[in-house]
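The file run-v2.cif contains mmCIF, C-alpha atoms:
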```
data_query
#
loop_
_atom_site.group_PDB
_atom_site.id
_atom_site.type_symbol
_atom_site.label_atom_id
_atom_site.label_comp_id
_atom_site.auth_asym_id
_atom_site.auth_seq_id
_atom_site.Cartn_x
_atom_site.Cartn_y
_atom_site.Cartn_z
ATOM 1 C CA MET L 1 8.323 -7.637 -8.005
ATOM 2 C CA ASN L 2 5.861 -5.788 -10.177
ATOM 3 C CA ILE L 3 3.093 -3.421 -9.127
ATOM 4 C CA VAL L 4 -0.480 -3.595 -10.446
ATOM 5 C CA ARG L 5 -2.942 -0.897 -9.412
ATOM 6 C CA THR L 6 -6.552 -2.063 -9.454
ATOM 7 C CA PRO L 7 -9.291 0.313 -10.665
ATOM 8 C CA SER L 8 -10.594 0.680 -7.095
ATOM 9 C CA PHE L 9 -7.095 1.593 -5.908
ATOM 10 C CA ARG L 10 -6.749 4.197 -8.678
ATOM 11 C CA ARG L 11 -10.068 5.813 -7.742
ATOM 12 C CA ALA L 12 -9.155 5.998 -4.045
ATOM 13 C CA PHE L 13 -5.634 7.258 -4.808
ATOM 14 C CA LYS L 14 -7.000 10.232 -6.771
ATOM 15 C CA THR L 15 -8.815 11.488 -3.670
ATOM 16 C CA PHE L 16 -5.541 12.152 -1.824
ATOM 17 C CA PRO L 17 -3.580 15.404 -2.125
ATOM 18 C CA PRO L 18 -0.332 15.464 -4.131
ATOM 19 C CA SER L 19 1.764 15.412 -0.949
ATOM 20 C CA VAL L 20 0.286 12.053 0.095
ATOM 21 C CA GLN L 21 0.546 10.715 -3.456
ATOM 22 C CA MET L 22 4.258 11.558 -3.545
ATOM 23 C CA LEU L 23 4.819 9.929 -0.166
ATOM 24 C CA PHE L 24 2.987 6.839 -1.400
ATOM 25 C CA GLU L 25 5.304 6.576 -4.424
ATOM 26 C CA LYS L 26 8.280 6.645 -2.072
ATOM 27 C CA GLN L 27 6.771 3.873 0.034
ATOM 28 C CA ILE L 28 6.039 1.757 -3.058
ATOM 29 C CA ALA L 29 9.715 1.984 -4.019
ATOM 30 C CA TYR L 30 10.567 0.620 -0.568
ATOM 31 C CA LEU L 31 8.015 -2.166 -0.977
ATOM 32 C CA VAL L 32 9.491 -3.276 -4.295
ATOM 33 C CA ARG L 33 12.957 -3.421 -2.753
ATOM 34 C CA ASP L 34 12.085 -4.965 0.625
ATOM 35 C CA ILE L 35 8.655 -5.673 2.143
ATOM 36 C CA ARG L 36 10.346 -5.570 5.565
ATOM 37 C CA HIS L 37 11.481 -1.945 5.203
ATOM 38 C CA PRO L 38 10.914 -0.343 8.633
ATOM 39 C CA SER L 39 8.866 2.627 7.419
ATOM 40 C CA LEU L 40 6.286 0.354 5.749
ATOM 41 C CA HIS L 41 5.247 -1.575 8.864
ATOM 42 C CA ALA L 42 3.855 -4.155 6.402
ATOM 43 C CA LYS L 43 1.738 -6.881 7.944
ATOM 44 C CA LYS L 44 -1.143 -9.139 7.123
ATOM 45 C CA TYR L 45 -4.408 -7.270 7.470
ATOM 46 C CA GLY L 46 -6.847 -8.428 10.113
ATOM 47 C CA GLY L 47 -7.401 -12.153 10.170
ATOM 48 C CA THR L 48 -7.056 -12.629 6.430
ATOM 49 C CA THR L 49 -4.306 -14.692 4.937
ATOM 50 C CA ASP L 50 -3.904 -12.938 1.600
ATOM 51 C CA VAL L 51 -4.395 -9.185 2.159
ATOM 52 C CA TRP L 52 -1.539 -7.078 3.476
ATOM 53 C CA GLN L 53 -1.472 -3.563 4.914
ATOM 54 C CA ALA L 54 1.404 -1.090 4.770
ATOM 55 C CA ARG L 55 1.918 2.453 5.972
ATOM 56 C CA VAL L 56 2.067 5.545 3.780
ATOM 57 C CA SER L 57 1.998 7.919 6.732
ATOM 58 C CA ARG L 58 0.709 7.930 10.266
ATOM 59 C CA ASN L 59 -2.841 8.414 8.954
ATOM 60 C CA VAL L 60 -2.823 6.597 5.601
ATOM 61 C CA ARG L 61 -2.530 2.885 4.788
ATOM 62 C CA PHE L 62 -2.550 0.929 1.565
ATOM 63 C CA TYR L 63 -3.730 -2.631 1.070
ATOM 64 C CA PHE L 64 -2.386 -5.224 -1.337
ATOM 65 C CA ARG L 65 -2.144 -8.889 -2.249
ATOM 66 C CA ILE L 66 0.979 -10.781 -3.201
ATOM 67 C CA GLU L 67 0.338 -12.875 -6.314
ATOM 68 C CA ASN L 68 3.440 -14.674 -7.585
ATOM 69 C CA ASP L 69 5.785 -11.797 -8.526
ATOM 70 C CA VAL L 70 3.096 -9.079 -8.355
ATOM 71 C CA TYR L 71 1.964 -6.701 -5.636
ATOM 72 C CA ARG L 72 -1.687 -6.086 -6.526
ATOM 73 C CA LEU L 73 -2.717 -2.780 -4.919
ATOM 74 C CA LEU L 74 -6.307 -3.005 -3.704
ATOM 75 C CA ASN L 75 -7.050 0.165 -1.775
ATOM 76 C CA ILE L 76 -5.610 3.195 -0.021
ATOM 77 C CA ARG L 77 -7.448 4.988 2.750
ATOM 78 C CA LYS L 78 -7.184 7.038 5.893
ATOM 79 C CA HIS L 79 -6.380 5.042 8.996
ATOM 80 C CA ALA L 80 -8.016 5.715 12.350
ATOM 81 C CA ASP L 81 -5.375 6.134 15.039
#
```

What's the structure tokens form of this structure?
Amino acid sequence: MNIVRTPSFRRAFKTFPPSVQMLFEKQIAYLVRDIRHPSLHAKKYGGTTDVWQARVSRNVRFYFRIENDVYRLLNIRKHAD
């Protein structure tokens, strides 16, 4: 699978500190290898059928679509516990 970062994702990503950015890169490597990796907790977001959510940390989630062989990263944001 390939990764495509949308402009909106890039803007949101820049707002996070380097520690979160590094953790995100680790999680993306897991996603590319196996969407079912336990630390991702990947699942479909809300009631939608095409947007997925995965965990960066306890407080941060990223959102993506699966399009053929591409993970299209849509957003990253803080998650309310």

Judged by all atoms listed in the file, the minimum distance to Val32 of chain L among L:Arg11, L:Arg72, L:Arg58, L:Lys44 is found for L:Arg72

Residues returned when the PyMOL selection byres ((chain L and resi 40) around 12) runs on this file, as a PyMOL selection string: chain L and resi 23-39+41-43+52-58+60-63

Output for the residues just chosen: C-alpha atoms as a short mmCIF file (atom, residue, chain, number, x, y, z; two decimals), in the coordinates of the input:
```
data_model
loop_
_atom_site.label_atom_id
_atom_site.label_comp_id
_atom_site.auth_asym_id
_atom_site.auth_seq_id
_atom_site.Cartn_x
_atom_site.Cartn_y
_atom_site.Cartn_z
CA LEU L 23 4.82 9.93 -0.17
CA PHE L 24 2.99 6.84 -1.40
CA GLU L 25 5.30 6.58 -4.42
CA LYS L 26 8.28 6.64 -2.07
CA GLN L 27 6.77 3.87 0.03
CA ILE L 28 6.04 1.76 -3.06
CA ALA L 29 9.72 1.98 -4.02
CA TYR L 30 10.57 0.62 -0.57
CA LEU L 31 8.02 -2.17 -0.98
CA VAL L 32 9.49 -3.28 -4.30
CA ARG L 33 12.96 -3.42 -2.75
CA ASP L 34 12.08 -4.96 0.62
CA ILE L 35 8.65 -5.67 2.14
CA ARG L 36 10.35 -5.57 5.56
CA HIS L 37 11.48 -1.94 5.20
CA PRO L 38 10.91 -0.34 8.63
CA SER L 39 8.87 2.63 7.42
CA HIS L 41 5.25 -1.58 8.86
CA ALA L 42 3.86 -4.16 6.40
CA LYS L 43 1.74 -6.88 7.94
CA TRP L 52 -1.54 -7.08 3.48
CA GLN L 53 -1.47 -3.56 4.91
CA ALA L 54 1.40 -1.09 4.77
CA ARG L 55 1.92 2.45 5.97
CA VAL L 56 2.07 5.54 3.78
CA SER L 57 2.00 7.92 6.73
CA ARG L 58 0.71 7.93 10.27
CA VAL L 60 -2.82 6.60 5.60
CA ARG L 61 -2.53 2.88 4.79
CA PHE L 62 -2.55 0.93 1.56
CA TYR L 63 -3.73 -2.63 1.07
#
```

Report task. Pull out every residue that the PyMOL selection byres ((chain L and resi 4) around 7) matches in the shown coordinates and put them as a list in words. Result ->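 Output of the PyMOL selection byres ((chain L and resi 4) around 7): Asn2, Ile3, Arg5, Thr6, Val70, Tyr71, Arg72 and Leu73 of chain L.
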
Nearby residues (all atoms listed in the file) at most 10 Å from Phe16 of chain L, same-chain spacing under 5 positions excluded, as a list in words: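 The filter keeps Arg11, Gln21, Met22, Val60, Ile76, Arg77 and Lys78 of chain L.
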
If I take atom CA of Leu74 of chain L and atom CA of Gly46 of chain L, how far is one from the other in Å, to one decimal?
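Computing it gives 14.9 Å between the two atoms.
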
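With all atoms listed in the file as the atoms that count, the residue of L:Phe9, L:Ser19, L:Lys14, L:Met1 with the shortest distance to Phe64 of chain L is L:Phe9.
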
Assuming 4 Å of padding per side, give the centre and edge lengths of the axis-aligned box around every listed atom of segment 10-25 of chain L, in Å to one decimal and as lines of an AutoDock Vina configuration file.
```
center_x = -2.4
center_y = 9.8
center_z = -4.3
size_x = 23.4
size_y = 19.3
size_z = 16.8
```

Q. Atom CA of Tyr45 of chain L and atom CA of Glu67 of chain L are how many Å apart?
A.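 Distance reported for this atom pair: 15.6 Å.
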
What separates atom CA of His79 of chain L and atom CA of Pro17 of chain L is a distance of 15.5 Å
